[in-house]
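Coordinates from coords-v3.tsv are shown below (TSV, C-alpha atoms).
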```tsv
chain	number	residue	atom	x	y	z
A	1	MET	CA	-56.93	-90.43	56.49
A	2	PRO	CA	-55.51	-92.21	59.55
A	3	TYR	CA	-58.00	-93.30	62.18
A	4	THR	CA	-58.09	-91.41	65.47
A	5	ALA	CA	-58.52	-92.88	68.94
A	6	GLU	CA	-59.52	-91.53	72.33
A	7	LEU	CA	-58.59	-93.31	75.56
A	8	ILE	CA	-60.99	-93.11	78.51
A	9	ALA	CA	-59.62	-94.32	81.83
A	10	VAL	CA	-62.34	-95.04	84.38
A	11	GLY	CA	-61.56	-94.86	88.08
A	12	THR	CA	-61.84	-92.32	90.87
A	13	GLU	CA	-58.49	-93.52	92.20
A	14	LEU	CA	-56.85	-92.10	89.07
A	15	LEU	CA	-58.40	-88.68	89.62
A	16	LEU	CA	-57.27	-88.71	93.25
A	17	GLY	CA	-53.71	-89.42	92.18
A	18	GLU	CA	-53.59	-92.66	94.13
A	19	ILE	CA	-52.32	-94.57	91.09
A	20	ALA	CA	-50.71	-93.54	87.79
A	21	ASN	CA	-52.41	-94.18	84.47
A	22	THR	CA	-49.75	-96.46	83.00
A	23	ASP	CA	-52.38	-98.22	80.84
A	24	ALA	CA	-52.62	-95.14	78.62
A	25	GLN	CA	-48.89	-95.21	77.94
A	26	VAL	CA	-48.96	-98.86	76.86
A	27	ILE	CA	-52.02	-98.39	74.66
A	28	SER	CA	-50.83	-95.19	72.98
A	29	ARG	CA	-47.52	-96.79	72.07
A	30	GLY	CA	-49.27	-99.85	70.70
A	31	LEU	CA	-51.67	-97.81	68.57
A	32	SER	CA	-48.78	-95.90	67.02
A	33	GLY	CA	-47.61	-99.22	65.61
A	34	LEU	CA	-50.88	-99.35	63.66
A	35	GLY	CA	-50.57	-95.77	62.46
A	36	ILE	CA	-53.58	-94.76	64.60
A	37	ASN	CA	-53.46	-91.24	66.01
A	38	VAL	CA	-54.26	-90.75	69.69
A	39	PHE	CA	-55.52	-87.19	70.13
A	40	TYR	CA	-57.12	-87.33	73.57
A	41	HIS	CA	-56.64	-89.05	76.94
A	42	THR	CA	-59.63	-88.68	79.26
A	43	VAL	CA	-59.88	-89.74	82.90
A	44	VAL	CA	-63.28	-89.95	84.56
A	45	GLY	CA	-64.37	-91.14	88.00
A	46	ASP	CA	-66.72	-93.97	88.86
A	47	ASN	CA	-69.80	-91.94	88.04
A	48	PRO	CA	-72.25	-93.10	85.32
A	49	ALA	CA	-73.42	-89.62	84.29
A	50	ARG	CA	-69.91	-88.26	83.89
A	51	LEU	CA	-68.72	-91.38	82.10
A	52	ARG	CA	-71.65	-91.15	79.68
A	53	GLN	CA	-70.77	-87.52	79.00
A	54	ALA	CA	-67.15	-88.47	78.32
A	55	VAL	CA	-68.25	-91.24	75.93
A	56	ASP	CA	-70.59	-88.90	74.05
A	57	ILE	CA	-67.78	-86.37	73.62
A	58	ALA	CA	-65.33	-89.06	72.51
A	59	ARG	CA	-67.65	-90.54	69.88
A	60	SER	CA	-68.10	-87.06	68.36
A	61	ARG	CA	-64.36	-86.69	67.66
A	62	ALA	CA	-62.77	-90.15	67.51
A	63	ASP	CA	-63.08	-93.22	65.31
A	64	ILE	CA	-61.96	-95.54	68.11
A	65	ILE	CA	-62.83	-95.39	71.81
A	66	ILE	CA	-60.78	-97.49	74.19
A	67	THR	CA	-61.80	-97.66	77.83
A	68	THR	CA	-59.77	-99.06	80.72
A	69	GLY	CA	-61.21	-100.00	84.09
A	70	GLY	CA	-64.69	-100.46	85.47
A	71	LEU	CA	-65.19	-104.06	84.27
A	72	GLY	CA	-64.98	-105.84	87.63
A	73	PRO	CA	-67.61	-107.30	89.96
A	74	THR	CA	-68.32	-104.40	92.30
A	75	CYS	CA	-71.09	-101.82	92.21
A	76	ASP	CA	-68.78	-99.08	90.95
A	77	ASP	CA	-67.71	-101.17	87.93
A	78	LEU	CA	-70.06	-99.50	85.50
A	79	THR	CA	-68.18	-99.21	82.21
A	80	LYS	CA	-70.02	-101.97	80.32
A	81	THR	CA	-73.43	-100.72	81.44
A	82	VAL	CA	-72.73	-97.13	80.39
A	83	LEU	CA	-71.07	-98.04	77.07
A	84	ALA	CA	-73.87	-100.46	76.15
A	85	ALA	CA	-76.51	-97.81	76.86
A	86	ALA	CA	-74.59	-95.14	74.95
A	87	PHE	CA	-74.51	-97.31	71.82
A	88	GLY	CA	-77.98	-98.85	72.25
A	89	LYS	CA	-76.76	-102.36	72.96
A	90	GLU	CA	-78.24	-104.89	75.35
A	91	LEU	CA	-76.01	-106.65	77.87
A	92	VAL	CA	-76.26	-110.41	77.32
A	93	TYR	CA	-75.21	-113.20	79.67
A	94	ASN	CA	-72.27	-115.14	78.21
A	95	GLU	CA	-72.34	-118.79	79.31
A	96	GLU	CA	-68.75	-119.46	78.28
A	97	ALA	CA	-67.55	-116.46	80.25
A	98	ALA	CA	-69.46	-117.69	83.30
A	99	ARG	CA	-67.85	-121.13	83.04
A	100	ARG	CA	-64.40	-119.59	82.80
A	101	LEU	CA	-65.12	-117.58	85.95
A	102	GLU	CA	-66.19	-120.73	87.79
A	103	ASP	CA	-63.07	-122.56	86.64
A	104	TYR	CA	-60.84	-119.66	87.65
A	105	PHE	CA	-62.22	-119.49	91.20
A	106	ALA	CA	-62.17	-123.28	91.55
A	107	ARG	CA	-58.47	-123.37	90.61
A	108	SER	CA	-57.65	-120.54	93.00
A	109	GLY	CA	-59.52	-122.18	95.88
A	110	ARG	CA	-61.58	-119.06	96.54
A	111	PRO	CA	-65.39	-118.84	96.81
A	112	LEU	CA	-67.21	-117.46	93.77
A	113	THR	CA	-69.56	-114.80	95.09
A	114	GLU	CA	-72.70	-113.93	93.13
A	115	ASN	CA	-71.51	-110.45	92.16
A	116	ASN	CA	-68.69	-111.97	90.11
A	117	TYR	CA	-71.21	-113.15	87.54
A	118	GLN	CA	-71.63	-109.48	86.62
A	119	GLN	CA	-68.43	-109.92	84.63
A	120	ALA	CA	-70.11	-112.51	82.38
A	121	TYR	CA	-72.48	-109.94	80.85
A	122	LEU	CA	-71.27	-108.48	77.53
A	123	PRO	CA	-72.73	-106.11	74.91
A	124	GLN	CA	-74.78	-108.01	72.36
A	125	GLY	CA	-72.82	-108.89	69.21
A	126	CYS	CA	-69.43	-107.97	70.66
A	127	THR	CA	-66.13	-109.82	70.26
A	128	PRO	CA	-65.17	-111.11	73.74
A	129	PHE	CA	-61.56	-110.79	74.90
A	130	GLN	CA	-60.71	-113.67	77.22
A	131	ASN	CA	-58.83	-112.63	80.34
A	132	ASN	CA	-56.04	-115.12	80.99
A	133	TRP	CA	-54.54	-112.83	83.61
A	134	GLY	CA	-57.58	-112.12	85.83
A	135	THR	CA	-61.37	-112.32	85.83
A	136	ALA	CA	-62.76	-109.24	84.07
A	137	LEU	CA	-63.56	-109.88	80.41
A	138	GLY	CA	-62.75	-107.30	77.79
A	139	CYS	CA	-64.53	-106.90	74.49
A	140	GLY	CA	-64.80	-104.95	71.26
A	141	PHE	CA	-67.68	-103.92	69.02
A	142	ALA	CA	-68.45	-101.55	66.16
A	143	CYS	CA	-71.46	-99.23	66.10
A	144	ASP	CA	-72.38	-96.08	64.16
A	145	GLY	CA	-68.94	-95.89	62.56
A	146	VAL	CA	-67.09	-96.07	65.89
A	147	ARG	CA	-64.97	-98.99	67.05
A	148	VAL	CA	-65.22	-99.54	70.82
A	149	VAL	CA	-62.76	-101.53	72.92
A	150	MET	CA	-63.15	-102.18	76.66
A	151	LEU	CA	-60.19	-103.38	78.71
A	152	PRO	CA	-59.70	-104.08	82.44
A	153	GLY	CA	-57.89	-101.50	84.53
A	154	PRO	CA	-55.13	-103.41	86.40
A	155	PRO	CA	-51.94	-103.00	84.32
A	156	SER	CA	-51.07	-106.69	84.74
A	157	GLU	CA	-54.33	-107.52	82.93
A	158	CYS	CA	-54.73	-104.51	80.63
A	159	ALA	CA	-51.32	-104.64	78.96
A	160	PRO	CA	-51.37	-108.31	77.86
A	161	MET	CA	-55.04	-108.17	76.85
A	162	PHE	CA	-54.38	-105.09	74.78
A	163	ARG	CA	-51.44	-106.71	73.01
A	164	GLN	CA	-52.95	-110.15	72.49
A	165	CYS	CA	-56.62	-109.28	71.94
A	166	ALA	CA	-57.23	-105.60	71.19
A	167	LEU	CA	-54.39	-105.03	68.73
A	168	PRO	CA	-55.43	-107.96	66.48
A	169	TYR	CA	-59.04	-106.75	66.73
A	170	LEU	CA	-58.00	-103.28	65.51
A	171	ALA	CA	-55.47	-104.50	62.93
A	172	ASP	CA	-57.83	-103.93	59.98
A	173	LEU	CA	-57.79	-100.19	60.81
A	174	ALA	CA	-54.02	-99.96	60.46
A	175	ASP	CA	-52.78	-97.08	58.34
A	176	GLY	CA	-49.05	-97.53	58.18
A	177	VAL	CA	-46.85	-97.02	61.22
A	178	ILE	CA	-46.04	-94.12	63.51
A	179	TYR	CA	-42.43	-94.41	64.67
A	180	SER	CA	-40.61	-92.20	67.16
A	181	ARG	CA	-36.95	-91.75	67.98
A	182	SER	CA	-35.73	-89.62	70.90
A	183	LEU	CA	-32.37	-87.92	71.24
A	184	ARG	CA	-31.19	-87.33	74.81
A	185	ILE	CA	-29.46	-84.00	75.48
A	186	PHE	CA	-27.59	-82.82	78.57
A	187	GLY	CA	-26.04	-79.41	79.09
A	188	ARG	CA	-28.68	-77.10	77.60
A	189	GLY	CA	-32.18	-76.22	78.81
A	190	GLU	CA	-35.39	-76.74	76.86
A	191	SER	CA	-35.76	-73.04	75.94
A	192	ALA	CA	-32.19	-72.83	74.60
A	193	VAL	CA	-32.64	-75.99	72.52
A	194	GLU	CA	-36.01	-74.82	71.21
A	195	ALA	CA	-34.59	-71.43	70.22
A	196	LEU	CA	-31.81	-73.15	68.27
A	197	LEU	CA	-34.18	-75.51	66.46
A	198	ARG	CA	-37.36	-73.43	66.17
A	199	ASP	CA	-37.18	-72.69	62.45
A	200	ARG	CA	-36.34	-76.29	61.69
A	201	MET	CA	-39.23	-77.60	63.80
A	202	ASN	CA	-41.73	-75.23	62.20
A	203	ALA	CA	-40.67	-76.30	58.71
A	204	MET	CA	-40.96	-80.04	59.37
A	205	GLU	CA	-44.06	-82.06	58.48
A	206	ASN	CA	-43.03	-85.72	58.29
A	207	PRO	CA	-41.12	-86.34	60.45
A	208	THR	CA	-42.03	-83.84	63.14
A	209	LEU	CA	-39.77	-82.67	65.94
A	210	ALA	CA	-40.65	-81.66	69.50
A	211	PRO	CA	-38.56	-80.90	72.62
A	212	TYR	CA	-39.50	-82.18	76.08
A	213	ALA	CA	-37.95	-81.03	79.33
A	214	LYS	CA	-36.81	-83.88	81.56
A	215	GLU	CA	-35.06	-83.91	84.94
A	216	GLY	CA	-32.06	-81.70	84.17
A	217	GLU	CA	-32.00	-82.65	80.50
A	218	VAL	CA	-33.95	-82.36	77.25
A	219	GLU	CA	-35.50	-85.02	75.05
A	220	LEU	CA	-35.85	-84.28	71.34
A	221	ARG	CA	-38.49	-86.55	69.82
A	222	LEU	CA	-38.61	-87.20	66.09
A	223	THR	CA	-41.87	-88.81	64.91
A	224	ALA	CA	-42.57	-90.07	61.41
A	225	ARG	CA	-45.41	-91.86	59.65
A	226	GLY	CA	-44.63	-94.45	56.98
A	227	ASP	CA	-46.14	-97.46	55.27
A	228	THR	CA	-43.78	-99.64	57.32
A	229	GLU	CA	-41.54	-99.14	60.32
A	230	ALA	CA	-38.52	-99.29	58.04
A	231	ALA	CA	-40.00	-96.53	55.86
A	232	ALA	CA	-40.64	-94.35	58.91
A	233	GLN	CA	-37.12	-94.97	60.20
A	234	ALA	CA	-35.74	-93.97	56.80
A	235	LEU	CA	-37.52	-90.62	57.09
A	236	ILE	CA	-36.08	-90.02	60.55
A	237	ALA	CA	-32.48	-91.05	59.85
A	238	PRO	CA	-31.32	-87.93	57.92
A	239	GLU	CA	-33.05	-85.61	60.38
A	240	GLU	CA	-31.39	-87.36	63.30
A	241	ALA	CA	-28.00	-87.04	61.61
A	242	ALA	CA	-28.58	-83.32	61.04
A	243	LEU	CA	-29.59	-82.78	64.68
A	244	ARG	CA	-26.55	-84.63	65.95
A	245	ALA	CA	-24.34	-82.45	63.75
A	246	MET	CA	-25.98	-79.27	65.08
A	247	LEU	CA	-25.93	-80.26	68.75
A	248	GLY	CA	-22.59	-82.08	68.83
A	249	ASP	CA	-21.52	-83.54	72.16
A	250	LEU	CA	-24.66	-82.27	73.92
A	251	VAL	CA	-26.32	-85.43	72.57
A	252	TYR	CA	-25.39	-88.28	74.89
A	253	GLY	CA	-27.77	-91.01	73.73
A	254	ALA	CA	-31.09	-91.99	72.23
A	255	ASP	CA	-34.42	-93.47	73.27
A	256	GLU	CA	-34.07	-95.27	76.62
A	257	ASP	CA	-30.44	-94.35	77.27
A	258	SER	CA	-29.55	-92.74	80.61
A	259	LEU	CA	-26.41	-90.84	81.55
A	260	GLU	CA	-25.38	-93.54	84.01
A	261	GLY	CA	-26.12	-96.26	81.44
A	262	VAL	CA	-23.98	-94.54	78.83
A	263	CYS	CA	-21.15	-94.13	81.37
A	264	LEU	CA	-21.32	-97.78	82.36
A	265	ALA	CA	-21.14	-98.92	78.74
A	266	LEU	CA	-18.20	-96.63	77.95
A	267	LEU	CA	-16.25	-97.67	81.03
A	268	ARG	CA	-16.83	-101.37	80.36
A	269	GLU	CA	-15.75	-101.03	76.72
A	270	ARG	CA	-12.46	-99.48	77.81
A	271	GLY	CA	-11.86	-101.57	80.91
A	272	LEU	CA	-11.95	-98.57	83.23
A	273	THR	CA	-13.10	-98.40	86.86
A	274	LEU	CA	-14.97	-95.72	88.79
A	275	SER	CA	-15.52	-94.66	92.40
A	276	ALA	CA	-17.45	-91.82	94.04
A	277	ALA	CA	-17.21	-89.52	97.06
A	278	GLU	CA	-20.54	-87.93	97.84
A	279	SER	CA	-21.75	-85.36	100.29
A	280	CYS	CA	-25.07	-83.68	99.38
A	281	THR	CA	-26.08	-86.50	97.01
A	282	GLY	CA	-25.86	-88.99	99.87
A	283	GLY	CA	-24.94	-91.99	97.72
A	284	LEU	CA	-27.20	-91.22	94.75
A	285	VAL	CA	-24.35	-91.55	92.23
A	286	ALA	CA	-23.49	-94.98	93.61
A	287	GLN	CA	-27.15	-96.03	93.76
A	288	ARG	CA	-27.87	-95.09	90.16
A	289	ILE	CA	-24.91	-96.89	88.62
A	290	THR	CA	-25.22	-99.99	90.80
A	291	ALA	CA	-28.88	-100.27	89.82
A	292	LEU	CA	-27.65	-101.28	86.34
A	293	PRO	CA	-26.69	-104.84	85.39
A	294	GLY	CA	-22.95	-105.22	84.98
A	295	ALA	CA	-22.04	-102.35	87.31
A	296	SER	CA	-19.74	-104.61	89.34
A	297	ALA	CA	-17.30	-104.70	86.43
A	298	VAL	CA	-16.87	-100.92	86.65
A	299	PHE	CA	-17.89	-99.44	89.98
A	300	LYS	CA	-15.61	-100.35	92.90
A	301	GLY	CA	-17.35	-98.39	95.63
A	302	GLY	CA	-18.03	-95.03	97.18
A	303	VAL	CA	-17.86	-92.95	100.35
A	304	VAL	CA	-20.76	-90.88	101.66
A	305	SER	CA	-18.79	-88.16	103.43
A	306	TYR	CA	-21.59	-86.04	104.82
A	307	TRP	CA	-19.55	-84.66	107.74
A	308	SER	CA	-16.29	-82.76	107.39
A	309	GLU	CA	-14.70	-85.24	109.80
A	310	VAL	CA	-15.32	-88.00	107.24
A	311	LYS	CA	-14.01	-85.87	104.39
A	312	ALA	CA	-10.80	-85.37	106.36
A	313	GLY	CA	-10.45	-88.72	108.11
A	314	VAL	CA	-11.49	-91.07	105.29
A	315	LEU	CA	-10.85	-89.12	102.09
A	316	GLY	CA	-7.80	-87.20	103.26
A	317	VAL	CA	-9.15	-83.72	102.60
A	318	PRO	CA	-6.80	-81.35	104.48
A	319	GLU	CA	-8.40	-79.94	107.61
A	320	ASP	CA	-7.00	-76.47	106.95
A	321	MET	CA	-8.64	-76.53	103.50
A	322	LEU	CA	-11.99	-77.40	105.07
A	323	GLU	CA	-11.51	-74.63	107.61
A	324	GLU	CA	-10.46	-71.97	105.10
A	325	GLN	CA	-12.50	-72.88	102.03
A	326	GLY	CA	-15.51	-74.58	103.57
A	327	ALA	CA	-16.89	-78.01	102.71
A	328	VAL	CA	-18.83	-76.57	99.76
A	329	SER	CA	-15.99	-75.36	97.57
A	330	ALA	CA	-14.06	-76.28	94.44
A	331	PRO	CA	-10.82	-77.18	96.30
A	332	VAL	CA	-12.68	-79.58	98.58
A	333	ALA	CA	-14.49	-81.20	95.64
A	334	ARG	CA	-11.12	-81.69	93.94
A	335	ALA	CA	-9.57	-83.17	97.09
A	336	MET	CA	-12.56	-85.49	97.61
A	337	ALA	CA	-12.23	-86.87	94.08
A	338	ARG	CA	-8.51	-87.40	94.46
A	339	GLY	CA	-8.98	-89.00	97.86
A	340	VAL	CA	-11.61	-91.53	96.86
A	341	ARG	CA	-9.68	-92.43	93.72
A	342	ALA	CA	-6.61	-93.23	95.79
A	343	LEU	CA	-8.67	-95.04	98.42
A	344	MET	CA	-10.49	-97.25	95.91
A	345	GLY	CA	-7.68	-97.59	93.39
A	346	THR	CA	-9.87	-96.61	90.41
A	347	ASP	CA	-9.11	-95.04	87.06
A	348	LEU	CA	-11.71	-92.31	87.54
A	349	ALA	CA	-13.50	-90.82	90.53
A	350	ILE	CA	-16.46	-88.49	90.95
A	351	SER	CA	-17.02	-86.18	93.90
A	352	VAL	CA	-20.05	-84.09	94.85
A	353	THR	CA	-20.34	-81.43	97.54
A	354	GLY	CA	-23.00	-78.76	97.73
A	355	VAL	CA	-26.03	-77.20	99.37
A	356	ALA	CA	-29.21	-79.19	98.68
A	357	GLY	CA	-31.34	-77.09	101.02
A	358	PRO	CA	-33.83	-76.23	102.21
A	359	ASP	CA	-31.61	-73.52	103.78
A	360	ARG	CA	-28.28	-71.88	103.05
A	361	ASP	CA	-25.28	-73.51	104.71
A	362	GLU	CA	-23.28	-72.12	107.64
A	363	ARG	CA	-21.12	-70.05	105.22
A	364	ASP	CA	-24.22	-68.55	103.60
A	365	ASN	CA	-23.74	-70.50	100.36
A	366	PRO	CA	-27.01	-70.48	98.39
A	367	VAL	CA	-29.27	-73.48	97.98
A	368	GLY	CA	-28.40	-75.19	94.70
A	369	LEU	CA	-24.68	-74.39	94.72
A	370	VAL	CA	-22.87	-77.65	93.99
A	371	TYR	CA	-19.31	-78.56	93.02
A	372	ILE	CA	-18.76	-81.76	91.07
A	373	GLY	CA	-15.22	-83.07	90.86
A	374	LEU	CA	-13.57	-85.59	88.55
A	375	ALA	CA	-10.13	-87.09	89.12
A	376	TRP	CA	-8.02	-89.31	86.86
A	377	ASP	CA	-4.42	-90.37	86.55
A	378	GLY	CA	-2.52	-87.11	86.17
A	379	GLY	CA	-5.35	-84.64	86.43
A	380	ASP	CA	-8.63	-83.40	87.86
A	381	TYR	CA	-11.44	-80.99	87.10
A	382	VAL	CA	-14.25	-79.31	89.03
A	383	ARG	CA	-17.55	-78.10	87.60
A	384	GLU	CA	-19.59	-75.51	89.50
A	385	ILE	CA	-23.35	-75.36	89.09
A	386	CYS	CA	-25.99	-73.29	90.86
A	387	ASN	CA	-29.56	-74.36	90.22
A	388	PRO	CA	-31.95	-73.53	93.06
A	389	GLY	CA	-34.94	-75.77	93.44
A	390	PRO	CA	-36.36	-78.64	95.47
A	391	ARG	CA	-33.85	-80.69	97.39
A	392	GLU	CA	-34.30	-83.89	95.37
A	393	ARG	CA	-34.02	-82.04	92.06
A	394	ILE	CA	-30.69	-80.51	93.16
A	395	ARG	CA	-29.38	-83.94	94.13
A	396	ARG	CA	-30.46	-85.60	90.88
A	397	LEU	CA	-29.05	-82.79	88.76
A	398	ALA	CA	-25.71	-82.98	90.61
A	399	ALA	CA	-25.52	-86.73	89.93
A	400	ASN	CA	-26.31	-86.08	86.26
A	401	HIS	CA	-23.40	-83.65	86.04
A	402	GLY	CA	-21.11	-86.22	87.60
A	403	PHE	CA	-22.02	-88.82	84.98
A	404	ASP	CA	-21.72	-86.21	82.24
A	405	LEU	CA	-18.15	-85.44	83.33
A	406	VAL	CA	-17.26	-89.13	83.21
A	407	ARG	CA	-18.82	-89.48	79.74
A	408	ARG	CA	-16.93	-86.50	78.42
A	409	LYS	CA	-13.61	-87.57	79.90
A	410	VAL	CA	-13.83	-91.12	78.55
A	411	LEU	CA	-14.80	-89.88	75.08
A	412	GLY	CA	-12.05	-87.23	75.07
A	413	LEU	CA	-14.50	-84.34	74.91
A	414	GLY	CA	-14.18	-80.94	76.55
A	415	LEU	CA	-15.27	-80.96	80.18
A	416	GLU	CA	-16.79	-77.48	80.12
A	417	LEU	CA	-20.40	-76.96	79.10
```
Before anything else, please render the file you have as structure tokens.
Amino acid sequence: MPYTAELIAVGTELLLGEIANTDAQVISRGLSGLGINVFYHTVVGDNPARLRQAVDIARSRADIIITTGGLGPTCDDLTKTVLAAAFGKELVYNEEAARRLEDYFARSGRPLTENNYQQAYLPQGCTPFQNNWGTALGCGFACDGVRVVMLPGPPSECAPMFRQCALPYLADLADGVIYSRSLRIFGRGESAVEALLRDRMNAMENPTLAPYAKEGEVELRLTARGDTEAAAQALIAPEEAALRAMLGDLVYGADEDSLEGVCLALLRERGLTLSAAESCTGGLVAQRITALPGASAVFKGGVVSYWSEVKAGVLGVPEDMLEEQGAVSAPVARAMARGVRALMGTDLAISVTGVAGPDRDERDNPVGLVYIGLAWDGGDYVREICNPGPRERIRRLAANHGFDLVRRKVLGLGLEL
């Protein structure tokens, strides 16, 4: 049977939401490479009684306990003390660790205060993990059939120590590999995708399949266990092919792909250029594509035409059209796309105009009504969407639709969803 792990993150700042627990993401991904199942993530504040309770629960249901945080020099850094007591181990002063602390502070030119020596105490019989990225030592030990690993909390220290120290320490517990592959879907909601694939998901054992709702899209995650990564990939490959056949052009990419990244790659491959005219998105389309390396080969520029005067004066949208149809309308979206394409001299152009909220516009158009235009040599198209919600969600979803239109046009797919 594969070993199971529980992650315990120690820090009141995590419970208060002041920082995100990115350590857990790094560790869970790393453990999957050893075929170790992670069944629980626990977060507990800087309180010894509650931490001890969390440790006692974890040791009753996990083969491996990995803690992050609480290894520093201050009075609330209590992880080693609590873990040592829970497993009946004495904390022993480590001379080598103390010397490394002294060297570290001497090199940095800072005074070494007495409380820093707290970090030189380690559970008796443990394997120390040297911290080449900070001061707090990590360690690992085995007791009563449980493997315990303690890591510092700061991500810049935790991630490299986990990879370079903890993973080799846990390597003898490896039971194959857990490998995941995610398909990225745009144009259908999570419930619609789940309804289509429910019977298939329920029948699958290895690999498994699960849908996850993202910002305006769906991620389908295939996960397989194999003796090697290649074996796990071989299990996933036919299932991925079947899903792509079922979902067709709703699948736009895999794993870390983004809609703007896919568009950029397609445009570069074909030597095409893009521009954007944005109203309610306020430059979000331009920001997202220019955040990617290589965008300068594709994206010429954009116009944020928030006022009707800019739509008319810069983009050439007819004033009578704005007066009769209103700024939030399909004809105006079409004219904006045509106008920015002509202005920038690009092969393709996106336009966005809509009501991002929080209130209806002056023509009583509802919050979430957005028109996304696409113009090209010899044609144009406008997609209407209406998805009420928070202002930023409406803006991001509108930008997603713009990139989806570009993707579909370049690939020769139908523009309707």
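Ranking A:Leu31, A:Ala136, A:Ala174, A:Ile57 by their shortest atom-to-atom distance to Thr74 (chain A), with only C-alpha atoms included, puts A:Ala136 first.
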Restricting the calculation to all atoms listed in the file, which member of A:Leu284, A:Val310, A:Leu348, A:Ala375 is positioned closest to Ile394 (chain A)?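 Smallest distance to Ile394 (chain A) is found for A:Leu284.
Closest to Arg225 (chain A) among A:Gly283, A:Gly176, A:Pro123, A:Gly368 is A:Gly176, based on all atoms listed in the file.
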Let me have the centre and edge lengths in Å, one decimal, of the box along x, y and z around every listed atom of region 182-192 of chain A with 4 Å of margin on each side, as lines of an AutoDock Vina configuration file.
```
center_x = -30.9
center_y = -81.2
center_z = 75.0
size_x = 17.7
size_y = 24.8
size_z = 16.2
```
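Note that the spacing between CA of Asp175 (chain A) and CA of Asp255 (chain A) amounts to 23.9 Å.
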Distance CA of Leu235 (chain A)-CA of Val177 (chain A), one decimal place?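 Spanning CA of Leu235 (chain A) to CA of Val177 (chain A) is a straight-line distance of 12.0 Å.
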Using only C-alpha atoms, can you tell me which of A:Ala337, A:Ala142, A:Ala254, A:Ala120 comes closest to Leu183 (chain A)?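 Looking at the shortest contact to Leu183 (chain A), the residue is A:Ala254.
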Give me the residues within 8 Å of region 190-197 of chain A as number ranges by chain, counting all atoms listed in the file and dropping any in the same chain fewer than 3 places off. A: 200-201, 211-213, 217-218
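Distance-wise, CA of Asp103 (chain A) and CA of Cys139 (chain A) end up 19.9 Å apart.
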Taking (-51.6, -108.5, 76.3) in the file's coordinates as the center, which residues reach within 12 Å of it, counting only C-alpha atoms, put as JSON, numbers by chain? {"A": [23, 26, 27, 30, 129, 130, 131, 132, 133, 134, 138, 151, 152, 154, 155, 156, 157, 158, 159, 160, 161, 162, 163, 164, 165, 166, 167, 168]}
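For the residues A:Gly69, A:Gly402, A:Pro293, A:Gly261, ranking by smallest atom-to-atom distance to Leu7 (chain A) using only C-alpha atoms places A:Gly69 first.
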Within 12 Å of (-32.8, -86.1, 58.5), only C-alpha atoms: residues as a ChimeraX atom specification? /A:181,200-201,204-209,222-224,232-246
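All residues of protein, DNA or RNA that reach within 12 Å of Glu416 (chain A), judged by all atoms listed in the file and not counting those fewer than 4 positions away in the chain, are A:Gly187, A:Asp249, A:Leu250, A:Ile372, A:Tyr381, A:Val382, A:Arg383, A:Glu384, A:Ile385, A:His401, A:Asp404, A:Leu405, A:Arg408, A:Lys409, A:Gly412.
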Region 91-101 of chain A: which residues within 9 Å, counting all atoms listed in the file, same-chain residues fewer than 4 positions away excluded, as a list of chain:residue names?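 The neighbour list is A:Lys80, A:Thr81, A:Ala84, A:Ala85, A:Phe105, A:Ala106, A:Leu112, A:Asn116, A:Tyr117, A:Gln118, A:Gln119, A:Ala120, A:Tyr121, A:Leu122, A:Pro123, A:Gln124, A:Gly125, A:Pro128, A:Gln130, A:Thr135, A:Ala136, A:Leu137.
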Using only C-alpha atoms, please write the residues we just selected to a file, as an mmCIF file, in the frame of the given file.
```cif
data_model
loop_
_atom_site.group_PDB
_atom_site.id
_atom_site.type_symbol
_atom_site.label_atom_id
_atom_site.label_comp_id
_atom_site.auth_asym_id
_atom_site.auth_seq_id
_atom_site.Cartn_x
_atom_site.Cartn_y
_atom_site.Cartn_z
ATOM 1 C CA LYS A 80 -70.020 -101.970 80.320
ATOM 2 C CA THR A 81 -73.430 -100.720 81.440
ATOM 3 C CA ALA A 84 -73.870 -100.460 76.150
ATOM 4 C CA ALA A 85 -76.510 -97.810 76.860
ATOM 5 C CA PHE A 105 -62.220 -119.490 91.200
ATOM 6 C CA ALA A 106 -62.170 -123.280 91.550
ATOM 7 C CA LEU A 112 -67.210 -117.460 93.770
ATOM 8 C CA ASN A 116 -68.690 -111.970 90.110
ATOM 9 C CA TYR A 117 -71.210 -113.150 87.540
ATOM 10 C CA GLN A 118 -71.630 -109.480 86.620
ATOM 11 C CA GLN A 119 -68.430 -109.920 84.630
ATOM 12 C CA ALA A 120 -70.110 -112.510 82.380
ATOM 13 C CA TYR A 121 -72.480 -109.940 80.850
ATOM 14 C CA LEU A 122 -71.270 -108.480 77.530
ATOM 15 C CA PRO A 123 -72.730 -106.110 74.910
ATOM 16 C CA GLN A 124 -74.780 -108.010 72.360
ATOM 17 C CA GLY A 125 -72.820 -108.890 69.210
ATOM 18 C CA PRO A 128 -65.170 -111.110 73.740
ATOM 19 C CA GLN A 130 -60.710 -113.670 77.220
ATOM 20 C CA THR A 135 -61.370 -112.320 85.830
ATOM 21 C CA ALA A 136 -62.760 -109.240 84.070
ATOM 22 C CA LEU A 137 -63.560 -109.880 80.410
#
```
Would you please work out which residue, of A:Ala295, A:Ala276, A:Ala231, A:Ile185, is nearest to Ala333 (chain A) when using all atoms listed in the file?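 Closest to Ala333 (chain A) of all the choices is A:Ala276.
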Skip Leu343 (chain A) itself and residues of its chain fewer than 3 positions away, then list as a PDB file with C-alpha atoms, in the frame of the given file all residues within 8 Å of it, counting all atoms listed in the file.
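Resulting contents of part-v6.pdb:
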```pdb
ATOM      1  CA  LEU A 315     -10.850 -89.120 102.090  1.00  0.00           C
ATOM      2  CA  GLY A 339      -8.980 -89.000  97.860  1.00  0.00           C
ATOM      3  CA  VAL A 340     -11.610 -91.530  96.860  1.00  0.00           C
TER       4      VAL A 340
END
```
